[in-house]
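What follows is start08.txt (compact mmCIF, C-alpha atoms).
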# COMPACT_ATOMS: atom_id res chain seq x y z
CA MET A 207 -8.15 3.16 -15.96
CA ALA A 208 -8.70 6.68 -14.62
CA ALA A 209 -7.54 6.29 -11.02
CA ARG A 210 -5.97 3.82 -8.64
CA VAL A 211 -6.61 3.94 -4.90
CA LEU A 212 -4.98 2.02 -2.11
CA LEU A 213 -6.66 1.69 1.29
CA GLN A 214 -5.07 0.75 4.61
CA GLN A 215 -6.50 0.62 8.10
CA CYS A 216 -4.78 2.32 11.03
CA PHE A 217 -4.97 2.78 14.79
CA SER A 218 -3.30 6.10 14.24
CA ALA A 219 -1.35 7.80 11.49
CA ARG A 220 0.55 11.00 11.02
CA LEU A 221 1.23 12.71 7.70
CA GLN A 222 3.72 15.55 8.16
CA VAL A 223 2.22 17.31 11.20
CA LYS A 224 -1.33 16.08 10.62
CA GLU A 225 -2.42 13.27 12.85
CA ILE A 226 -5.47 11.03 12.93
CA GLN A 227 -6.62 8.35 15.33
CA ARG A 228 -8.34 5.14 14.25
CA GLY A 229 -9.36 5.11 10.64
CA ALA A 230 -8.09 4.75 7.12
CA LEU A 231 -5.30 5.86 4.82
CA ILE A 232 -6.42 6.62 1.26
CA TYR A 233 -3.54 6.73 -1.25
CA VAL A 234 -4.69 8.24 -4.57
CA CYS A 235 -3.22 8.25 -8.08
CA PHE A 236 -4.82 9.61 -11.25
CA PHE A 237 -4.08 8.48 -14.79
CA LYS A 238 -4.09 10.37 -18.09
CA GLY A 239 -7.62 11.10 -19.24
CA ALA A 240 -9.12 11.25 -15.74
CA THR A 241 -11.59 14.10 -15.23
CA VAL A 242 -13.48 15.53 -12.26
CA ASP A 243 -16.53 13.57 -13.43
CA ILE A 244 -15.22 10.36 -11.85
CA ILE A 245 -14.66 11.88 -8.42
CA PRO A 246 -18.19 11.68 -6.95
CA LYS A 247 -18.35 7.98 -7.81
CA MET A 248 -14.84 7.35 -6.47
CA VAL A 249 -15.60 9.05 -3.17
CA SER A 250 -18.97 7.35 -2.82
CA THR A 251 -17.40 3.94 -3.45
CA LEU A 252 -14.48 4.47 -1.08
CA LEU A 253 -16.54 5.88 1.77
CA ASN A 254 -19.15 3.12 1.50
CA VAL A 255 -17.14 -0.04 0.86
CA LYS A 256 -17.08 -2.23 3.98
CA LEU A 257 -13.39 -2.38 4.80
CA CYS A 258 -13.18 -0.95 8.32
CA GLU A 259 -13.04 -3.39 11.21
CA SER A 260 -15.59 -2.51 13.86
CA ASN A 261 -15.24 -3.19 17.59
CA GLU A 262 -17.41 -6.26 17.04
CA GLY A 263 -14.96 -7.62 14.47
CA ASN A 264 -17.15 -7.23 11.40
CA TYR A 265 -16.46 -4.85 8.55
CA VAL A 266 -18.30 -1.61 8.01
CA SER A 267 -17.76 1.43 5.81
CA MET A 268 -15.67 4.50 6.66
CA LEU A 269 -18.90 6.48 7.11
CA ASP A 270 -20.35 3.82 9.41
CA LEU A 271 -17.32 3.15 11.64
CA PRO A 272 -16.90 6.18 11.46
CA ALA A 273 -13.27 6.39 10.38
CA ASN A 274 -10.87 9.26 10.54
CA VAL A 275 -9.07 9.61 7.22
CA ILE A 276 -5.73 10.67 5.82
CA ILE A 277 -5.70 11.23 2.05
CA ILE A 278 -2.25 10.80 0.52
CA PRO A 279 -1.35 11.82 -3.04
CA GLN A 280 0.64 8.90 -4.41
CA ALA A 281 1.52 9.23 -8.07
CA THR A 282 4.03 6.39 -7.75
CA LEU A 283 1.04 4.01 -7.68
CA GLY A 284 0.75 4.66 -11.42
CA GLY A 285 4.21 3.28 -12.14
CA LYS A 286 4.74 0.47 -14.62
CA LEU A 287 7.75 -1.78 -14.50
CA LYS A 288 10.14 -1.49 -17.47
CA GLY A 289 13.34 -3.45 -17.01
CA ARG A 290 14.80 -2.38 -13.66
CA ASN A 291 12.96 0.95 -13.61
CA MET A 292 9.44 2.19 -13.09
CA GLN A 293 7.92 4.40 -15.77
CA TYR A 294 5.04 6.79 -15.23
CA HIS A 295 3.88 7.34 -18.82
CA TYR A 296 0.25 6.71 -17.94
CA ASN A 297 0.16 9.18 -15.06
CA ILE A 298 -1.80 12.37 -15.40
CA GLY A 299 0.14 15.65 -15.80
CA LYS A 300 1.16 17.48 -12.66
CA GLU A 301 -1.22 20.44 -12.87
CA GLU A 302 -4.24 18.35 -13.79
CA GLY A 303 -3.33 15.79 -11.14
CA LYS A 304 -3.13 18.48 -8.48
CA GLU A 305 -6.53 19.81 -9.49
CA LEU A 306 -8.15 16.36 -9.39
CA TYR A 307 -6.50 15.52 -6.08
CA GLU A 308 -7.71 18.74 -4.48
CA HIS A 309 -11.19 18.17 -5.82
CA PHE A 310 -11.12 14.60 -4.48
CA VAL A 311 -10.13 15.91 -1.03
CA ALA A 312 -12.87 18.54 -1.11
CA VAL A 313 -15.56 15.99 -2.03
CA CYS A 314 -14.38 13.63 0.73
CA GLU A 315 -14.48 16.46 3.28
CA LYS A 316 -17.96 17.39 2.14
CA GLU A 317 -19.25 13.82 2.40
CA PHE A 318 -17.93 13.36 5.93
CA ALA A 319 -19.20 16.81 6.95
CA SER A 320 -22.70 16.04 5.70
CA ASN A 321 -22.92 12.70 7.55
CA ALA A 322 -24.48 13.07 11.00
CA LYS A 323 -22.69 10.07 12.49
CA CYS A 324 -19.34 11.43 11.37
CA THR A 325 -19.90 14.98 12.59
CA GLU A 326 -21.18 13.71 15.96
CA ALA A 327 -18.09 11.49 16.30
CA GLY A 328 -15.86 14.41 15.34
CA VAL A 329 -14.34 12.61 12.38
CA VAL A 330 -11.15 14.19 11.12
CA VAL A 331 -10.17 14.31 7.43
CA ARG A 332 -6.53 15.16 6.81
CA HIS A 333 -4.63 15.25 3.57
CA GLY A 334 -1.17 15.67 2.11
CA THR A 335 0.00 18.28 -0.35
CA TYR A 336 0.19 17.15 -3.96
CA GLY A 337 3.67 16.84 -5.43
CA ILE A 338 5.72 16.89 -2.25
CA ARG A 339 7.28 14.21 -0.10
CA GLN A 340 4.73 12.43 2.12
CA VAL A 341 6.38 12.02 5.51
CA LEU A 342 4.22 9.36 7.10
CA GLN A 343 3.97 7.30 10.27
CA MET A 344 1.38 4.58 10.62
CA ASP A 345 0.40 2.24 13.41
CA THR A 346 -2.00 -0.58 12.59
CA ASN A 347 -3.20 -3.89 13.96
CA GLY A 348 -3.41 -5.15 10.38
CA PRO A 349 -3.05 -2.87 7.35
CA TYR A 350 -5.74 -4.87 5.53
CA THR A 351 -4.46 -3.34 2.28
CA HIS A 352 -6.94 -3.10 -0.59
CA LEU A 353 -6.58 -1.83 -4.14
CA ILE A 354 -9.53 -0.28 -5.95
CA GLU A 355 -9.28 0.91 -9.54
CA PHE A 356 -11.68 3.27 -11.31
CA MET B 88 -2.18 -12.62 -12.95
CA ALA B 89 -0.28 -14.89 -10.57
CA ALA B 90 0.80 -12.46 -7.87
CA ARG B 91 0.46 -8.86 -6.79
CA VAL B 92 3.16 -7.11 -4.79
CA LEU B 93 3.10 -3.73 -3.13
CA LEU B 94 6.34 -1.98 -2.15
CA GLN B 95 6.81 0.86 0.34
CA GLN B 96 9.95 2.55 1.61
CA CYS B 97 10.61 3.02 5.31
CA PHE B 98 13.02 4.60 7.78
CA SER B 99 12.00 1.87 10.16
CA ALA B 100 9.19 -0.62 10.48
CA ARG B 101 8.01 -3.16 13.00
CA LEU B 102 5.89 -6.20 12.21
CA GLN B 103 4.68 -7.84 15.43
CA VAL B 104 7.99 -7.97 17.39
CA LYS B 105 10.23 -7.94 14.33
CA GLU B 106 11.87 -4.63 13.59
CA ILE B 107 13.90 -3.29 10.69
CA GLN B 108 15.68 -0.04 10.10
CA ARG B 109 15.83 1.73 6.74
CA GLY B 110 14.55 -0.38 3.90
CA ALA B 111 11.44 -1.69 2.26
CA LEU B 112 8.10 -3.30 3.03
CA ILE B 113 7.07 -6.01 0.57
CA TYR B 114 3.36 -6.89 0.73
CA VAL B 115 2.63 -10.12 -1.18
CA CYS B 116 -0.57 -11.71 -2.51
CA PHE B 117 -0.86 -14.82 -4.70
CA PHE B 118 -3.72 -15.62 -7.05
CA LYS B 119 -5.25 -18.92 -8.11
CA GLY B 120 -2.99 -20.81 -10.47
CA ALA B 121 0.27 -19.37 -9.09
CA THR B 122 3.07 -21.92 -8.69
CA VAL B 123 6.55 -21.86 -7.19
CA ASP B 124 7.93 -21.45 -10.72
CA ILE B 125 7.18 -17.71 -10.67
CA ILE B 126 9.01 -17.05 -7.42
CA PRO B 127 12.61 -16.78 -8.65
CA LYS B 128 11.56 -14.20 -11.24
CA MET B 129 9.43 -12.30 -8.71
CA VAL B 130 12.25 -12.11 -6.20
CA SER B 131 14.81 -11.16 -8.83
CA THR B 132 12.56 -8.37 -10.13
CA LEU B 133 11.72 -6.99 -6.68
CA LEU B 134 15.27 -7.04 -5.36
CA ASN B 135 16.66 -5.39 -8.50
CA VAL B 136 14.10 -2.75 -9.40
CA LYS B 137 15.45 0.73 -8.59
CA LEU B 138 12.96 1.98 -6.02
CA CYS B 139 15.11 2.71 -2.96
CA GLU B 140 16.19 6.28 -2.38
CA SER B 141 19.94 6.47 -1.74
CA ASN B 142 21.67 9.06 0.42
CA GLU B 143 22.50 10.91 -2.81
CA GLY B 144 18.81 11.13 -3.69
CA ASN B 145 18.84 8.77 -6.66
CA TYR B 146 17.10 5.43 -6.79
CA VAL B 147 18.85 2.11 -6.46
CA SER B 148 17.73 -1.47 -5.91
CA MET B 149 17.14 -3.16 -2.55
CA LEU B 150 20.33 -5.16 -3.09
CA ASP B 151 22.32 -2.01 -3.92
CA LEU B 152 21.08 0.28 -1.13
CA PRO B 153 21.21 -2.25 0.60
CA ALA B 154 17.74 -2.30 2.14
CA ASN B 155 16.46 -4.14 5.15
CA VAL B 156 13.20 -5.83 4.32
CA ILE B 157 9.93 -6.83 5.95
CA ILE B 158 7.83 -9.27 3.93
CA ILE B 159 4.12 -9.08 4.74
CA PRO B 160 1.55 -11.65 3.58
CA GLN B 161 -1.38 -9.58 2.35
CA ALA B 162 -4.13 -11.63 0.76
CA THR B 163 -6.48 -8.63 0.91
CA LEU B 164 -4.52 -7.18 -2.05
CA GLY B 165 -6.32 -9.76 -4.19
CA GLY B 166 -9.74 -8.35 -3.37
CA LYS B 167 -12.10 -7.23 -6.10
CA LEU B 168 -14.87 -4.74 -5.45
CA LYS B 169 -18.42 -6.10 -5.77
CA GLY B 170 -21.08 -3.65 -4.68
CA ARG B 171 -20.10 -2.47 -1.19
CA ASN B 172 -17.98 -5.55 -0.45
CA MET B 173 -14.64 -6.96 -1.50
CA GLN B 174 -14.57 -10.48 -2.89
CA TYR B 175 -11.54 -12.72 -2.96
CA HIS B 176 -12.58 -15.31 -5.55
CA TYR B 177 -9.29 -15.01 -7.44
CA ASN B 178 -7.10 -15.53 -4.40
CA ILE B 179 -5.14 -18.73 -4.06
CA GLY B 180 -6.27 -21.29 -1.45
CA LYS B 181 -4.93 -20.94 2.06
CA GLU B 182 -2.61 -23.96 2.11
CA GLU B 183 -1.13 -23.27 -1.30
CA GLY B 184 -0.81 -19.60 -0.49
CA LYS B 185 1.07 -20.37 2.70
CA GLU B 186 3.45 -22.64 0.80
CA LEU B 187 4.14 -20.03 -1.89
CA TYR B 188 4.57 -17.29 0.67
CA GLU B 189 7.08 -19.32 2.67
CA HIS B 190 8.95 -20.22 -0.48
CA PHE B 191 8.99 -16.54 -1.48
CA VAL B 192 10.45 -15.60 1.91
CA ALA B 193 13.08 -18.36 1.67
CA VAL B 194 14.20 -17.23 -1.80
CA CYS B 195 14.40 -13.59 -0.65
CA GLU B 196 16.49 -14.59 2.36
CA LYS B 197 18.78 -16.64 0.13
CA GLU B 198 19.28 -13.78 -2.34
CA PHE B 199 20.18 -11.30 0.38
CA ALA B 200 22.43 -13.84 2.11
CA SER B 201 24.34 -14.53 -1.11
CA ASN B 202 24.95 -10.84 -1.85
CA ALA B 203 28.27 -9.62 -0.43
CA LYS B 204 27.15 -5.98 -0.05
CA CYS B 205 24.08 -7.08 1.92
CA THR B 206 25.90 -9.47 4.23
CA GLU B 207 28.62 -6.88 4.91
CA ALA B 208 25.96 -4.29 5.73
CA GLY B 209 24.19 -6.78 7.99
CA VAL B 210 20.92 -6.57 6.06
CA VAL B 211 17.97 -7.95 7.97
CA VAL B 212 15.07 -9.82 6.30
CA ARG B 213 11.99 -10.17 8.49
CA HIS B 214 8.61 -11.61 7.61
CA GLY B 215 5.12 -12.09 8.94
CA THR B 216 3.24 -15.32 9.48
CA TYR B 217 0.80 -16.25 6.74
CA GLY B 218 -2.87 -16.10 7.65
CA ILE B 219 -2.66 -14.09 10.85
CA ARG B 220 -3.17 -10.43 11.66
CA GLN B 221 -0.19 -8.27 10.64
CA VAL B 222 0.39 -5.83 13.48
CA LEU B 223 2.51 -3.19 11.81
CA GLN B 224 4.15 0.14 12.53
CA MET B 225 5.89 2.10 9.82
CA ASP B 226 7.85 5.32 9.73
CA THR B 227 8.75 6.76 6.35
CA ASN B 228 9.86 10.03 4.76
CA GLY B 229 7.73 9.10 1.75
CA PRO B 230 6.14 5.68 1.27
CA TYR B 231 6.82 5.87 -2.47
CA THR B 232 4.23 3.13 -2.93
CA HIS B 233 4.57 0.93 -6.01
CA LEU B 234 2.49 -1.91 -7.34
CA ILE B 235 4.08 -4.72 -9.36
CA GLU B 236 2.03 -7.56 -10.81
CA PHE B 237 3.35 -10.89 -12.04
This structure in structure tokens:
Amino acid sequence: MAARVLLQQCFSARLQVKEIQRGALIYVCFFKGATVDIIPKMVSTLLNVKLCESNEGNYVSMLDLPANVIIIPQATLGGKLKGRNMQYHYNIGKEEGKELYEHFVAVCEKEFASNAKCTEAGVVVRHGTYGIRQVLQMDTNGPYTHLIEF
Amino acid sequence: MAARVLLQQCFSARLQVKEIQRGALIYVCFFKGATVDIIPKMVSTLLNVKLCESNEGNYVSMLDLPANVIIIPQATLGGKLKGRNMQYHYNIGKEEGKELYEHFVAVCEKEFASNAKCTEAGVVVRHGTYGIRQVLQMDTNGPYTHLIEF
């Protein structure tokens, strides 16, 4: 496994001082051996999977809703239970992880920016800073939590 | 795999009208073939794994913090990506899932109620209703998201 991503839906969310209205939270974790090569496919999958509830009650993609997005670095998602503790032996190193995370954010921003529906709707892409505490508030009418591994 | 659980830390959280202060969110999903037999081990693991940040900045268990808890049924965690859609073929049936979820909640409540530190601290265990929309608000200084599979 190269990466693990968790998706949640929100009415609104705030990460540190960055706020979004209706959309999605993308929590991202990279494992040892992950390279930038996987990022285009990851982003394409995440932005196109039909997990956003539309006003009509069916599910459409982030690009189709269109959804605002907060991208949250979340290395803890790579933890593996060992006794009463979590171990992170499979997680990517800090420097490499930071690089992949920043590349992931950049590709997401690019995809939203190049989608006419998203630019017309004024979609906002926010993201946290790798390696620091993610102060987060979320308000949802159903987190609709999904896990996608790459 | 019989069950998938996601843990997040919170300052406060509100599920429908049920509110907790500092503690943990436990999102639970059961897969086909899961039985009540796994629940004591699941609860024991979750309540004893050291994933709650103490005032001193180290990590202790939910029972040791002690943490208030919101238990959230989250069948979507069992989804598997297929093309642009998520499929839930491995999820347990609705009736069985409801039964396991309610048993899980009951065992959690019992464990907290039988722990002196938790009863003295007035720990609160709240939970959602299986099969309905989970209207949720969360406020955290770091979700510290962990995945544990059983």
Over every C-alpha pair, in sequence order, do a least-squares fit of chain A onto chain B and save the fitted chain as a compact mmCIF listing (two decimals) with C-alpha atoms, keeping the file's coordinate frame.
# COMPACT_ATOMS: atom_id res chain seq x y z
CA MET A 207 -2.16 -12.60 -12.95
CA ALA A 208 -0.29 -14.91 -10.57
CA ALA A 209 0.80 -12.46 -7.88
CA ARG A 210 0.46 -8.86 -6.80
CA VAL A 211 3.16 -7.10 -4.78
CA LEU A 212 3.11 -3.73 -3.12
CA LEU A 213 6.35 -1.97 -2.16
CA GLN A 214 6.83 0.86 0.33
CA GLN A 215 9.96 2.55 1.60
CA CYS A 216 10.61 3.02 5.31
CA PHE A 217 13.02 4.59 7.78
CA SER A 218 12.00 1.87 10.16
CA ALA A 219 9.19 -0.62 10.48
CA ARG A 220 8.01 -3.16 12.98
CA LEU A 221 5.88 -6.21 12.22
CA GLN A 222 4.70 -7.84 15.45
CA VAL A 223 7.98 -7.97 17.40
CA LYS A 224 10.23 -7.93 14.33
CA GLU A 225 11.86 -4.63 13.60
CA ILE A 226 13.90 -3.31 10.70
CA GLN A 227 15.70 -0.04 10.11
CA ARG A 228 15.83 1.72 6.74
CA GLY A 229 14.55 -0.36 3.90
CA ALA A 230 11.43 -1.69 2.25
CA LEU A 231 8.10 -3.30 3.03
CA ILE A 232 7.07 -6.02 0.57
CA TYR A 233 3.36 -6.90 0.74
CA VAL A 234 2.64 -10.12 -1.19
CA CYS A 235 -0.56 -11.71 -2.51
CA PHE A 236 -0.86 -14.81 -4.69
CA PHE A 237 -3.71 -15.61 -7.06
CA LYS A 238 -5.25 -18.93 -8.11
CA GLY A 239 -2.98 -20.81 -10.48
CA ALA A 240 0.26 -19.36 -9.09
CA THR A 241 3.06 -21.91 -8.70
CA VAL A 242 6.55 -21.88 -7.19
CA ASP A 243 7.92 -21.45 -10.72
CA ILE A 244 7.19 -17.71 -10.68
CA ILE A 245 9.01 -17.05 -7.42
CA PRO A 246 12.63 -16.77 -8.65
CA LYS A 247 11.56 -14.20 -11.24
CA MET A 248 9.43 -12.30 -8.71
CA VAL A 249 12.26 -12.11 -6.20
CA SER A 250 14.81 -11.15 -8.83
CA THR A 251 12.56 -8.37 -10.12
CA LEU A 252 11.71 -7.00 -6.68
CA LEU A 253 15.26 -7.05 -5.36
CA ASN A 254 16.66 -5.40 -8.49
CA VAL A 255 14.09 -2.75 -9.40
CA LYS A 256 15.43 0.73 -8.59
CA LEU A 257 12.95 1.98 -6.02
CA CYS A 258 15.09 2.70 -2.96
CA GLU A 259 16.19 6.28 -2.38
CA SER A 260 19.91 6.47 -1.74
CA ASN A 261 21.66 9.08 0.42
CA GLU A 262 22.49 10.91 -2.80
CA GLY A 263 18.80 11.14 -3.70
CA ASN A 264 18.84 8.78 -6.67
CA TYR A 265 17.09 5.43 -6.78
CA VAL A 266 18.85 2.12 -6.46
CA SER A 267 17.72 -1.46 -5.91
CA MET A 268 17.14 -3.15 -2.55
CA LEU A 269 20.34 -5.16 -3.09
CA ASP A 270 22.31 -2.02 -3.91
CA LEU A 271 21.07 0.29 -1.12
CA PRO A 272 21.21 -2.23 0.61
CA ALA A 273 17.74 -2.29 2.15
CA ASN A 274 16.47 -4.13 5.16
CA VAL A 275 13.19 -5.84 4.32
CA ILE A 276 9.93 -6.83 5.94
CA ILE A 277 7.83 -9.28 3.92
CA ILE A 278 4.13 -9.08 4.74
CA PRO A 279 1.55 -11.64 3.59
CA GLN A 280 -1.38 -9.58 2.34
CA ALA A 281 -4.13 -11.62 0.75
CA THR A 282 -6.47 -8.63 0.90
CA LEU A 283 -4.51 -7.19 -2.05
CA GLY A 284 -6.32 -9.76 -4.19
CA GLY A 285 -9.74 -8.35 -3.37
CA LYS A 286 -12.13 -7.24 -6.09
CA LEU A 287 -14.87 -4.74 -5.46
CA LYS A 288 -18.43 -6.10 -5.77
CA GLY A 289 -21.08 -3.64 -4.67
CA ARG A 290 -20.10 -2.47 -1.18
CA ASN A 291 -17.98 -5.55 -0.45
CA MET A 292 -14.65 -6.96 -1.51
CA GLN A 293 -14.57 -10.50 -2.88
CA TYR A 294 -11.52 -12.73 -2.95
CA HIS A 295 -12.57 -15.30 -5.56
CA TYR A 296 -9.30 -15.00 -7.44
CA ASN A 297 -7.10 -15.54 -4.40
CA ILE A 298 -5.14 -18.73 -4.06
CA GLY A 299 -6.29 -21.28 -1.45
CA LYS A 300 -4.94 -20.94 2.06
CA GLU A 301 -2.61 -23.95 2.12
CA GLU A 302 -1.14 -23.28 -1.30
CA GLY A 303 -0.81 -19.59 -0.49
CA LYS A 304 1.07 -20.37 2.70
CA GLU A 305 3.44 -22.64 0.81
CA LEU A 306 4.13 -20.04 -1.89
CA TYR A 307 4.58 -17.28 0.68
CA GLU A 308 7.07 -19.33 2.68
CA HIS A 309 8.95 -20.22 -0.47
CA PHE A 310 8.99 -16.55 -1.49
CA VAL A 311 10.45 -15.62 1.92
CA ALA A 312 13.08 -18.35 1.68
CA VAL A 313 14.20 -17.24 -1.80
CA CYS A 314 14.41 -13.60 -0.65
CA GLU A 315 16.50 -14.61 2.37
CA LYS A 316 18.78 -16.64 0.14
CA GLU A 317 19.28 -13.79 -2.33
CA PHE A 318 20.18 -11.29 0.38
CA ALA A 319 22.43 -13.85 2.11
CA SER A 320 24.34 -14.53 -1.10
CA ASN A 321 24.96 -10.83 -1.85
CA ALA A 322 28.26 -9.61 -0.41
CA LYS A 323 27.13 -6.00 -0.04
CA CYS A 324 24.08 -7.08 1.92
CA THR A 325 25.90 -9.48 4.23
CA GLU A 326 28.63 -6.89 4.91
CA ALA A 327 25.95 -4.29 5.74
CA GLY A 328 24.18 -6.79 7.98
CA VAL A 329 20.92 -6.58 6.06
CA VAL A 330 17.96 -7.95 7.96
CA VAL A 331 15.07 -9.82 6.30
CA ARG A 332 11.99 -10.17 8.47
CA HIS A 333 8.62 -11.60 7.61
CA GLY A 334 5.11 -12.07 8.92
CA THR A 335 3.25 -15.31 9.46
CA TYR A 336 0.80 -16.25 6.73
CA GLY A 337 -2.87 -16.11 7.66
CA ILE A 338 -2.65 -14.08 10.85
CA ARG A 339 -3.15 -10.43 11.67
CA GLN A 340 -0.18 -8.27 10.63
CA VAL A 341 0.39 -5.82 13.47
CA LEU A 342 2.52 -3.19 11.80
CA GLN A 343 4.17 0.15 12.53
CA MET A 344 5.91 2.09 9.81
CA ASP A 345 7.86 5.32 9.74
CA THR A 346 8.76 6.77 6.35
CA ASN A 347 9.87 10.00 4.76
CA GLY A 348 7.73 9.11 1.75
CA PRO A 349 6.13 5.69 1.28
CA TYR A 350 6.83 5.87 -2.47
CA THR A 351 4.23 3.13 -2.93
CA HIS A 352 4.58 0.94 -6.02
CA LEU A 353 2.48 -1.92 -7.35
CA ILE A 354 4.07 -4.72 -9.36
CA GLU A 355 2.02 -7.55 -10.81
CA PHE A 356 3.35 -10.90 -12.05
Item to complete: Mind giving me the straight-line distance from atom CA of A:Tyr350 to atom CA of B:Pro153 in Å, one decimal?
Response: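 Going from atom CA of A:Tyr350 over to atom CA of B:Pro153 covers 27.5 Å.
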Discussion item. What's around stretch 105-110 of chain B at 9 Å? Count only C-alpha atoms, leave out sequence neighbours fewer than 4 positions away in its own chain, and write the answer as number ranges by chain.
Written reply: B: 95-101, 139, 149, 152-157, 211-215, 227
Practice prompt. Work out how far apart atom CA of A:Asp270 and atom CA of B:Leu168 are and give it in Å to one decimal.
Written response: 18.0 Å
Could you list, with a cut-off of 7 Å and counting all atoms listed in the file, the residues of chain A near chain B, each shown with its nearest atom pair and the distance in Å rounded to one decimal, rows sorted by chain and ascending number, as a Markdown table?
| residue | atom | partner | partner_atom | distance |
| --- | --- | --- | --- | --- |
| A:Asn254 | CA | B:Arg171 | CA | 6.3 |
| A:Val255 | CA | B:Arg171 | CA | 4.3 |
| A:Lys256 | CA | B:Asn172 | CA | 5.6 |
| A:Gln280 | CA | B:Thr232 | CA | 7.0 |
| A:Thr282 | CA | B:His233 | CA | 5.8 |
| A:Leu283 | CA | B:His233 | CA | 5.0 |
| A:Gly285 | CA | B:His233 | CA | 6.6 |
| A:Leu287 | CA | B:Ile235 | CA | 7.0 |
| A:Arg290 | CA | B:Val136 | CA | 4.3 |
| A:Asn291 | CA | B:Lys137 | CA | 5.6 |
| A:Arg339 | CA | B:Gly229 | CA | 5.5 |
| A:Gln340 | CA | B:Gly229 | CA | 4.5 |
| A:Val341 | CA | B:Asn228 | CA | 4.1 |
| A:Leu342 | CA | B:Thr227 | CA | 5.3 |
| A:Gln343 | CA | B:Asp226 | CA | 4.4 |
| A:Met344 | CA | B:Met225 | CA | 5.2 |
| A:Asp345 | CA | B:Gln224 | CA | 4.4 |
| A:Thr346 | CA | B:Leu223 | CA | 5.3 |
| A:Asn347 | CA | B:Val222 | CA | 4.1 |
| A:Gly348 | CA | B:Gln221 | CA | 4.5 |
| A:Pro349 | CA | B:Gln221 | CA | 6.9 |
| A:Tyr350 | CA | B:Thr163 | CA | 6.0 |
| A:Thr351 | CA | B:Leu164 | CA | 5.8 |
| A:His352 | CA | B:Leu164 | CA | 5.0 |
| A:Leu353 | CA | B:Leu164 | CA | 6.1 |
| A:Ile354 | CA | B:Leu168 | CA | 7.0 |
Item to complete: Have a look at atom CA of A:Ala322 and atom CA of A:Ser250 and let me know their distance in Å, one decimal.
Response: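 Going from atom CA of A:Ala322 over to atom CA of A:Ser250, I get 15.9 Å.
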Fill in: Top pick for closest residue to A:Val313, considering A:Phe356, A:Ile277, A:Arg210, A:Phe237 and counting all atoms listed in the file
A:Ile277
Rebuild N, CA and C atoms on stretch 158-172 of chain B, as a PDB file, keeping the file's coordinate frame?
ATOM      1  N   ILE B 158       8.744  -8.642   4.886  1.00  0.00           N
ATOM      2  CA  ILE B 158       7.830  -9.270   3.930  1.00  0.00           C
ATOM      3  C   ILE B 158       6.515  -9.560   4.641  1.00  0.00           C
ATOM      4  N   ILE B 159       5.424  -9.027   4.082  1.00  0.00           N
ATOM      5  CA  ILE B 159       4.120  -9.080   4.740  1.00  0.00           C
ATOM      6  C   ILE B 159       3.118  -9.843   3.875  1.00  0.00           C
ATOM      7  N   PRO B 160       2.589 -10.968   4.356  1.00  0.00           N
ATOM      8  CA  PRO B 160       1.550 -11.650   3.580  1.00  0.00           C
ATOM      9  C   PRO B 160       0.308 -10.758   3.575  1.00  0.00           C
ATOM     10  N   GLN B 161      -0.278 -10.531   2.426  1.00  0.00           N
ATOM     11  CA  GLN B 161      -1.380  -9.580   2.350  1.00  0.00           C
ATOM     12  C   GLN B 161      -2.390 -10.015   1.294  1.00  0.00           C
ATOM     13  N   ALA B 162      -3.145 -11.049   1.666  1.00  0.00           N
ATOM     14  CA  ALA B 162      -4.130 -11.630   0.760  1.00  0.00           C
ATOM     15  C   ALA B 162      -5.211 -10.630   0.365  1.00  0.00           C
ATOM     16  N   THR B 163      -5.450  -9.627   1.221  1.00  0.00           N
ATOM     17  CA  THR B 163      -6.480  -8.630   0.910  1.00  0.00           C
ATOM     18  C   THR B 163      -6.175  -7.880  -0.400  1.00  0.00           C
ATOM     19  N   LEU B 164      -4.909  -7.835  -0.791  1.00  0.00           N
ATOM     20  CA  LEU B 164      -4.520  -7.180  -2.050  1.00  0.00           C
ATOM     21  C   LEU B 164      -5.183  -7.823  -3.259  1.00  0.00           C
ATOM     22  N   GLY B 165      -5.664  -9.057  -3.091  1.00  0.00           N
ATOM     23  CA  GLY B 165      -6.320  -9.760  -4.190  1.00  0.00           C
ATOM     24  C   GLY B 165      -7.814  -9.476  -4.283  1.00  0.00           C
ATOM     25  N   GLY B 166      -8.303  -8.628  -3.405  1.00  0.00           N
ATOM     26  CA  GLY B 166      -9.740  -8.350  -3.370  1.00  0.00           C
ATOM     27  C   GLY B 166     -10.238  -7.615  -4.601  1.00  0.00           C
ATOM     28  N   LYS B 167     -11.468  -7.889  -4.952  1.00  0.00           N
ATOM     29  CA  LYS B 167     -12.100  -7.230  -6.100  1.00  0.00           C
ATOM     30  C   LYS B 167     -13.430  -6.658  -5.610  1.00  0.00           C
ATOM     31  N   LEU B 168     -13.659  -5.405  -5.920  1.00  0.00           N
ATOM     32  CA  LEU B 168     -14.870  -4.740  -5.450  1.00  0.00           C
ATOM     33  C   LEU B 168     -16.122  -5.322  -6.111  1.00  0.00           C
ATOM     34  N   LYS B 169     -17.121  -5.627  -5.270  1.00  0.00           N
ATOM     35  CA  LYS B 169     -18.420  -6.100  -5.770  1.00  0.00           C
ATOM     36  C   LYS B 169     -19.473  -5.421  -4.906  1.00  0.00           C
ATOM     37  N   GLY B 170     -20.129  -4.426  -5.468  1.00  0.00           N
ATOM     38  CA  GLY B 170     -21.080  -3.650  -4.680  1.00  0.00           C
ATOM     39  C   GLY B 170     -20.338  -2.914  -3.567  1.00  0.00           C
ATOM     40  N   ARG B 171     -20.773  -3.128  -2.318  1.00  0.00           N
ATOM     41  CA  ARG B 171     -20.100  -2.470  -1.190  1.00  0.00           C
ATOM     42  C   ARG B 171     -19.131  -3.407  -0.480  1.00  0.00           C
ATOM     43  N   ASN B 172     -18.870  -4.571  -1.091  1.00  0.00           N
ATOM     44  CA  ASN B 172     -17.980  -5.550  -0.450  1.00  0.00           C
ATOM     45  C   ASN B 172     -16.796  -5.878  -1.342  1.00  0.00           C
TER      46      ASN B 172
END
